[in-house]
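Undergrad: My structure file query39.tsv, TSV, C-alpha atoms, is below:
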chain	number	residue	atom	x	y	z
A	127	MET	CA	99.29	36.82	-63.34
A	128	GLU	CA	96.15	38.50	-64.69
A	129	ARG	CA	95.39	41.90	-63.18
A	130	LEU	CA	92.04	41.86	-61.37
A	131	ASP	CA	91.38	45.54	-62.12
A	132	VAL	CA	91.66	45.08	-65.90
A	133	PRO	CA	88.33	44.07	-67.48
A	134	PRO	CA	88.49	40.88	-69.58
A	135	ASP	CA	87.84	41.26	-73.30
A	136	VAL	CA	84.49	39.47	-72.93
A	137	VAL	CA	83.35	42.32	-70.66
A	138	ILE	CA	84.37	44.93	-73.22
A	139	ARG	CA	82.42	43.01	-75.88
A	140	ARG	CA	79.27	43.22	-73.73
A	141	LEU	CA	79.47	46.97	-73.10
A	142	PRO	CA	78.19	47.94	-76.58
A	143	LEU	CA	75.19	45.63	-75.98
A	144	TYR	CA	74.46	47.48	-72.74
A	145	ALA	CA	74.77	50.83	-74.51
A	146	ARG	CA	72.44	49.78	-77.32
A	147	SER	CA	69.80	48.55	-74.85
A	148	LEU	CA	70.06	51.74	-72.83
A	149	ARG	CA	69.49	53.83	-75.97
A	150	TYR	CA	66.35	51.82	-76.71
A	151	LEU	CA	65.18	52.40	-73.14
A	152	LEU	CA	65.61	56.15	-73.49
A	153	ASP	CA	63.65	56.06	-76.74
A	154	GLU	CA	60.87	54.25	-74.85
A	155	GLY	CA	60.89	56.91	-72.16
A	156	VAL	CA	62.36	54.64	-69.45
A	157	LEU	CA	64.44	56.71	-67.02
A	158	SER	CA	65.44	54.09	-64.45
A	159	ILE	CA	66.06	50.35	-64.64
A	160	SER	CA	67.29	47.59	-62.37
A	161	SER	CA	70.12	45.22	-63.27
A	162	GLN	CA	67.54	42.42	-63.33
A	163	GLU	CA	65.38	44.21	-65.91
A	164	LEU	CA	68.37	45.21	-68.01
A	165	GLY	CA	69.68	41.65	-67.90
A	166	GLU	CA	66.39	40.25	-69.13
A	167	ARG	CA	66.62	42.45	-72.22
A	168	ILE	CA	70.03	41.15	-73.29
A	169	ASN	CA	70.00	37.64	-71.80
A	170	VAL	CA	72.63	38.37	-69.15
A	171	THR	CA	72.21	37.79	-65.42
A	172	ALA	CA	71.83	40.74	-63.07
A	173	ALA	CA	74.93	39.56	-61.20
A	174	GLN	CA	76.95	39.57	-64.43
A	175	ILE	CA	75.89	43.13	-65.24
A	176	ARG	CA	76.87	44.33	-61.78
A	177	LYS	CA	80.21	42.53	-62.02
A	178	ASP	CA	80.92	43.94	-65.49
A	179	LEU	CA	80.17	47.50	-64.43
A	180	SER	CA	82.16	47.16	-61.21
A	181	TYR	CA	85.39	47.22	-63.24
A	182	PHE	CA	84.65	50.87	-64.05
A	183	GLY	CA	83.05	52.21	-60.85
A	184	GLU	CA	79.74	52.29	-59.01
A	185	PHE	CA	76.83	53.36	-61.19
A	186	GLY	CA	73.64	52.19	-59.48
A	187	LYS	CA	71.99	52.28	-56.06
A	188	GLN	CA	70.58	49.23	-54.33
A	189	GLY	CA	66.81	49.29	-54.39
A	190	ILE	CA	66.74	52.11	-56.93
A	191	GLY	CA	68.62	50.75	-59.94
A	192	TYR	CA	70.41	52.66	-62.66
A	193	ASP	CA	69.69	56.09	-64.06
A	194	VAL	CA	69.44	55.09	-67.74
A	195	GLU	CA	70.79	58.32	-69.22
A	196	LYS	CA	73.69	58.60	-66.78
A	197	LEU	CA	74.69	54.95	-67.21
A	198	LEU	CA	74.60	55.31	-70.99
A	199	THR	CA	76.81	58.41	-70.76
A	200	HIS	CA	79.32	56.53	-68.59
A	201	ILE	CA	79.45	53.50	-70.92
A	202	GLU	CA	79.83	55.69	-74.02
A	203	ARG	CA	82.74	57.48	-72.32
A	204	ILE	CA	84.33	54.13	-71.38
A	205	LEU	CA	84.03	52.97	-75.01
A	206	GLY	CA	85.44	56.24	-76.32
A	207	LEU	CA	82.19	57.19	-78.03
A	208	ASN	CA	82.27	60.76	-76.79
A	209	HIS	CA	84.21	61.79	-79.90
A	210	ARG	CA	84.26	60.88	-83.59
A	211	TRP	CA	86.37	57.95	-84.85
A	212	PRO	CA	87.55	58.10	-88.49
A	213	VAL	CA	87.56	54.73	-90.28
A	214	VAL	CA	88.97	53.48	-93.59
A	215	LEU	CA	87.29	50.71	-95.56
A	216	VAL	CA	89.32	48.50	-97.89
A	217	GLY	CA	87.40	46.56	-100.53
A	218	ALA	CA	84.63	48.13	-102.65
A	219	GLY	CA	82.85	45.01	-103.85
A	220	TYR	CA	79.18	44.34	-103.13
A	221	LEU	CA	79.84	43.91	-99.40
A	222	GLY	CA	82.19	46.87	-99.12
A	223	GLN	CA	79.78	49.20	-100.91
A	224	ALA	CA	76.93	48.07	-98.67
A	225	ILE	CA	79.08	48.80	-95.61
A	226	ALA	CA	80.05	52.21	-97.03
A	227	ARG	CA	76.39	53.14	-97.44
A	228	TYR	CA	75.37	52.03	-93.94
A	229	GLU	CA	74.08	55.10	-92.10
A	230	GLY	CA	74.48	53.59	-88.64
A	231	PHE	CA	78.19	54.34	-88.46
A	232	GLN	CA	77.73	58.11	-88.57
A	233	LYS	CA	75.02	57.99	-85.90
A	234	GLN	CA	77.34	56.13	-83.52
A	235	GLY	CA	80.45	58.30	-83.80
A	236	LEU	CA	82.14	56.43	-86.66
A	237	GLN	CA	82.90	58.08	-89.99
A	238	ILE	CA	84.30	56.34	-93.05
A	239	VAL	CA	86.87	58.79	-94.42
A	240	GLY	CA	88.42	56.55	-97.07
A	241	LEU	CA	87.18	53.75	-99.35
A	242	PHE	CA	89.83	51.81	-101.29
A	243	ASP	CA	90.04	49.17	-104.02
A	244	THR	CA	92.50	47.94	-106.66
A	245	ASP	CA	89.99	47.50	-109.48
A	246	PRO	CA	90.68	50.32	-111.98
A	247	THR	CA	87.06	50.19	-113.19
A	248	LYS	CA	85.91	51.17	-109.70
A	249	ILE	CA	88.45	53.90	-108.92
A	250	GLY	CA	86.75	57.28	-108.96
A	251	GLN	CA	83.22	55.96	-108.46
A	252	GLN	CA	81.15	57.59	-105.71
A	253	VAL	CA	79.70	55.33	-103.00
A	254	GLY	CA	77.69	57.22	-100.42
A	255	ASP	CA	79.88	60.05	-99.17
A	256	ASN	CA	83.11	58.48	-100.38
A	257	GLU	CA	84.96	58.21	-103.66
A	258	ILE	CA	86.66	54.88	-104.29
A	259	ARG	CA	90.41	55.45	-104.20
A	260	ASP	CA	93.47	53.44	-105.18
A	261	TYR	CA	95.50	51.67	-102.48
A	262	ALA	CA	98.37	54.06	-103.19
A	263	GLU	CA	96.39	56.86	-101.53
A	264	MET	CA	95.76	54.88	-98.35
A	265	PRO	CA	98.78	55.98	-96.24
A	266	ALA	CA	98.14	59.68	-96.93
A	267	ILE	CA	94.44	59.44	-96.01
A	268	ILE	CA	95.25	57.51	-92.82
A	269	GLU	CA	97.84	60.12	-91.82
A	270	LYS	CA	95.62	63.07	-92.73
A	271	HIS	CA	92.67	61.88	-90.62
A	272	GLN	CA	94.75	60.14	-87.91
A	273	VAL	CA	92.90	56.90	-88.63
A	274	ARG	CA	93.35	54.02	-86.17
A	275	LEU	CA	90.33	51.93	-87.18
A	276	ALA	CA	89.89	49.99	-90.42
A	277	ILE	CA	87.44	47.58	-92.03
A	278	ILE	CA	88.62	44.88	-94.44
A	279	SER	CA	86.13	43.47	-96.95
A	280	VAL	CA	88.42	41.95	-99.57
A	281	PRO	CA	88.78	38.31	-100.73
A	282	ALA	CA	90.61	36.06	-98.25
A	283	ALA	CA	93.67	35.79	-100.52
A	284	HIS	CA	94.33	39.54	-100.21
A	285	ALA	CA	93.29	40.18	-96.61
A	286	GLN	CA	96.70	39.63	-94.98
A	287	SER	CA	98.54	41.95	-97.37
A	288	VAL	CA	95.86	44.60	-96.83
A	289	ALA	CA	96.20	44.23	-93.06
A	290	ASP	CA	99.96	44.63	-93.35
A	291	LEU	CA	99.51	47.86	-95.34
A	292	LEU	CA	97.03	49.24	-92.82
A	293	ILE	CA	99.20	48.42	-89.82
A	294	LYS	CA	102.28	49.92	-91.47
A	295	ALA	CA	100.27	53.13	-92.05
A	296	GLY	CA	99.28	53.36	-88.37
A	297	VAL	CA	96.01	51.45	-88.00
A	298	ARG	CA	95.66	49.71	-84.64
A	299	ALA	CA	92.22	48.08	-84.81
A	300	ILE	CA	90.74	46.05	-87.67
A	301	LEU	CA	87.28	44.65	-88.33
A	302	ASN	CA	87.82	41.78	-90.77
A	303	TYR	CA	85.05	40.40	-93.00
A	304	ALA	CA	87.43	38.16	-94.98
A	305	PRO	CA	87.19	34.46	-94.00
A	306	ILE	CA	90.78	34.21	-92.83
A	307	ILE	CA	92.63	34.66	-89.52
A	308	LEU	CA	95.02	37.59	-89.76
A	309	GLN	CA	98.54	37.55	-88.37
A	310	THR	CA	99.06	40.85	-86.58
A	311	PRO	CA	101.30	42.33	-83.84
A	312	ASP	CA	100.15	42.03	-80.23
A	313	ASP	CA	99.26	45.72	-80.07
A	314	VAL	CA	96.73	45.47	-82.93
A	315	TRP	CA	93.14	44.51	-82.11
A	316	VAL	CA	91.24	42.38	-84.62
A	317	ARG	CA	87.57	41.38	-84.70
A	318	TYR	CA	86.08	38.94	-87.20
A	319	ILE	CA	82.69	38.78	-88.90
A	320	ASP	CA	82.19	35.54	-90.84
A	321	PRO	CA	78.50	34.79	-91.53
A	322	VAL	CA	79.31	31.35	-92.97
A	323	ALA	CA	81.16	30.29	-89.82
A	324	VAL	CA	78.28	31.52	-87.66
A	325	LEU	CA	75.72	29.66	-89.79
A	326	HIS	CA	77.83	26.48	-89.58
A	327	SER	CA	77.86	26.77	-85.79
A	328	MET	CA	74.05	26.62	-85.95
A	329	THR	CA	73.85	23.81	-88.51
A	330	TYR	CA	75.53	21.68	-85.82
A	331	TYR	CA	72.38	21.92	-83.70
A	332	LEU	CA	70.09	21.36	-86.69
A	333	ALA	CA	72.08	18.28	-87.67
A	334	ARG	CA	71.70	16.91	-84.13
A	335	GLU	CA	67.94	17.38	-84.30
A	336	GLN	CA	67.78	15.50	-87.59
A	337	SER	CA	69.85	12.63	-86.28
Reformat the file's structure so that it appears as structure tokens.
TA:
Amino acid sequence: MERLDVPPDVVIRRLPLYARSLRYLLDEGVLSISSQELGERINVTAAQIRKDLSYFGEFGKQGIGYDVEKLLTHIERILGLNHRWPVVLVGAGYLGQAIARYEGFQKQGLQIVGLFDTDPTKIGQQVGDNEIRDYAEMPAIIEKHQVRLAIISVPAAHAQSVADLLIKAGVRAILNYAPIILQTPDDVWVRYIDPVAVLHSMTYYLAREQS
């Protein structure tokens, strides 16, 4: 039986959206907001926001709304964003190098501490703050920085073997850009980013319009 006090994964996926909207509100100088107003910004009902937040406590007052800064602080604490998370990135092709250069990670408490590839022509090259390293160095870097998060941006044919290496070295959460479903233990969290699959889910609607 599912525990009622444990938030479903879909709720956890929405929390970063709440946090991002609250940061924008602070930048705009908004200090207080109702669940209705917050919901309108992210296309979620006010009732859904209240239900999501209720898994973690009571954060607003009826008739007054939420203190934007305090709610953001609570959500960042829930998401573990009150300290820095080291990340390793495997795959230094065009996509991997673009990810490595993305400045948004550092601003949000994520720091890429290792960039890896198997191409000998790339080993030793500097990409942003990281030098491309050989796979052989991966376990030592993961142990040194106590890395639990990893990003995979390698071809689909190599993604599973890379995931196996990462998990063996101690990684427990993977963001996978390769267009393949990874086989991982139950205690390893995996998220997928596949632009082609997302575009195909929209071509369905376009095809219906044409027909």
Undergrad: At a cut-off of 12 Å around the point (104.6, 52.1, -95.9) (file coordinates), what residues fall inside when counting only C-alpha atoms? I'd like the answer as a list in words.
TA: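 Residues with an atom close enough to that point: Tyr261, Ala262, Glu263, Met264, Pro265, Ala266, Ile268, Glu269, Ser287, Val288, Ala289, Asp290, Leu291, Leu292, Ile293, Lys294, Ala295, Gly296 and Val297 of chain A.
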Undergrad: With all atoms listed in the file counted and 12 Å as the cut-off, give the residues of range 204-285 of chain A in contact with range 320-327 of chain A, each with its shortest interatomic distance in Å and the pair that gives it, as CSV.
TA:
residue,atom,partner,partner_atom,distance
A:Ile278,CA,A:Asp320,CA,11.9
A:Ser279,CA,A:Asp320,CA,10.8
A:Ala282,CA,A:Asp320,CA,11.2
Undergrad: Measuring atom to atom with all atoms listed in the file, identify which of A:Asp135, A:Glu166, A:Leu197, A:Ile204 is nearest to Phe182 in chain A.
TA: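 Residue with the minimum atom-to-atom distance to Phe182 in chain A: A:Ile204.
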Undergrad: CA of Pro281 in chain A and CA of Leu308 in chain A are how many Å apart?
TA: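 Separation between CA of Pro281 in chain A and CA of Leu308 in chain A: 12.6 Å.
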Undergrad: What does the structure give for the distance between CA of Gly222 in chain A and CA of Ile267 in chain A, in Å to one decimal?
TA: 17.8 Å
Undergrad: Give me, as an mmCIF file with C-alpha atoms, keeping the file's coordinate frame, all polymer residues having an atom no more than 8 Å from Lys248 in chain A, counting only C-alpha atoms and skipping those fewer than 3 positions away in the same chain.
TA:
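Ended up saving to selection-v4.cif:
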data_model
loop_
_atom_site.group_PDB
_atom_site.id
_atom_site.type_symbol
_atom_site.label_atom_id
_atom_site.label_comp_id
_atom_site.auth_asym_id
_atom_site.auth_seq_id
_atom_site.Cartn_x
_atom_site.Cartn_y
_atom_site.Cartn_z
ATOM 1 C CA ALA A 218 84.630 48.130 -102.650
ATOM 2 C CA ASP A 243 90.040 49.170 -104.020
ATOM 3 C CA THR A 244 92.500 47.940 -106.660
ATOM 4 C CA ASP A 245 89.990 47.500 -109.480
ATOM 5 C CA GLN A 251 83.220 55.960 -108.460
ATOM 6 C CA ILE A 258 86.660 54.880 -104.290
#
Undergrad: Excluding Val132 in chain A and residues on its chain fewer than 5 positions from it, collect all residues at most 12 Å away from it, counting all atoms listed in the file, and give them as JSON, numbers by chain.
TA: {"A": [127, 137, 138, 178, 179, 180, 181, 182]}
Undergrad: Deliver the residues from the most recent selection as a file, using C-alpha atoms, as a tab-separated table (two decimals), in the coordinates of the input.
TA:
chain	number	residue	atom	x	y	z
A	127	MET	CA	99.29	36.82	-63.34
A	137	VAL	CA	83.35	42.32	-70.66
A	138	ILE	CA	84.37	44.93	-73.22
A	178	ASP	CA	80.92	43.94	-65.49
A	179	LEU	CA	80.17	47.50	-64.43
A	180	SER	CA	82.16	47.16	-61.21
A	181	TYR	CA	85.39	47.22	-63.24
A	182	PHE	CA	84.65	50.87	-64.05
Undergrad: Separation of CA of Gly235 in chain A and CA of Arg210 in chain A, in Å?
TA: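 Taking CA of Gly235 in chain A and CA of Arg210 in chain A, their separation equals 4.6 Å.
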Undergrad: Let me have the centre and edge lengths in Å, one decimal, of the box along x, y and z around every listed atom of range 156-164 of chain A with 6 Å of margin on each side, as JSON.
TA:
{"center_x": 66.2, "center_y": 49.6, "center_z": -65.9, "size_x": 19.8, "size_y": 26.3, "size_z": 19.1}
Undergrad: Pick from A:Tyr228, A:Trp211, A:Tyr331, A:Trp315: nearest to Gln272 in chain A, with all atoms listed in the file counted?
TA: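 Result for the nearest residue to Gln272 in chain A: A:Trp211.
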Undergrad: Find the residue from A:Val213, A:Leu151, A:Leu157, A:Leu207 that sits nearest to Ile190 in chain A; use all atoms listed in the file when measuring.
TA: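 Nearest candidate to Ile190 in chain A out of A:Val213, A:Leu151, A:Leu157, A:Leu207: A:Leu157.
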Undergrad: Within 12 Å of Asn169 in chain A, counting only C-alpha atoms, which residues qualify if same-chain residues fewer than 4 places away don't, as a list in words?
TA: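 What passes the distance filter is Arg140, Leu143, Tyr144, Ser147, Ser161, Gln162, Glu163, Leu164, Gly165, Ala173, Gln174 and Ile175 of chain A.
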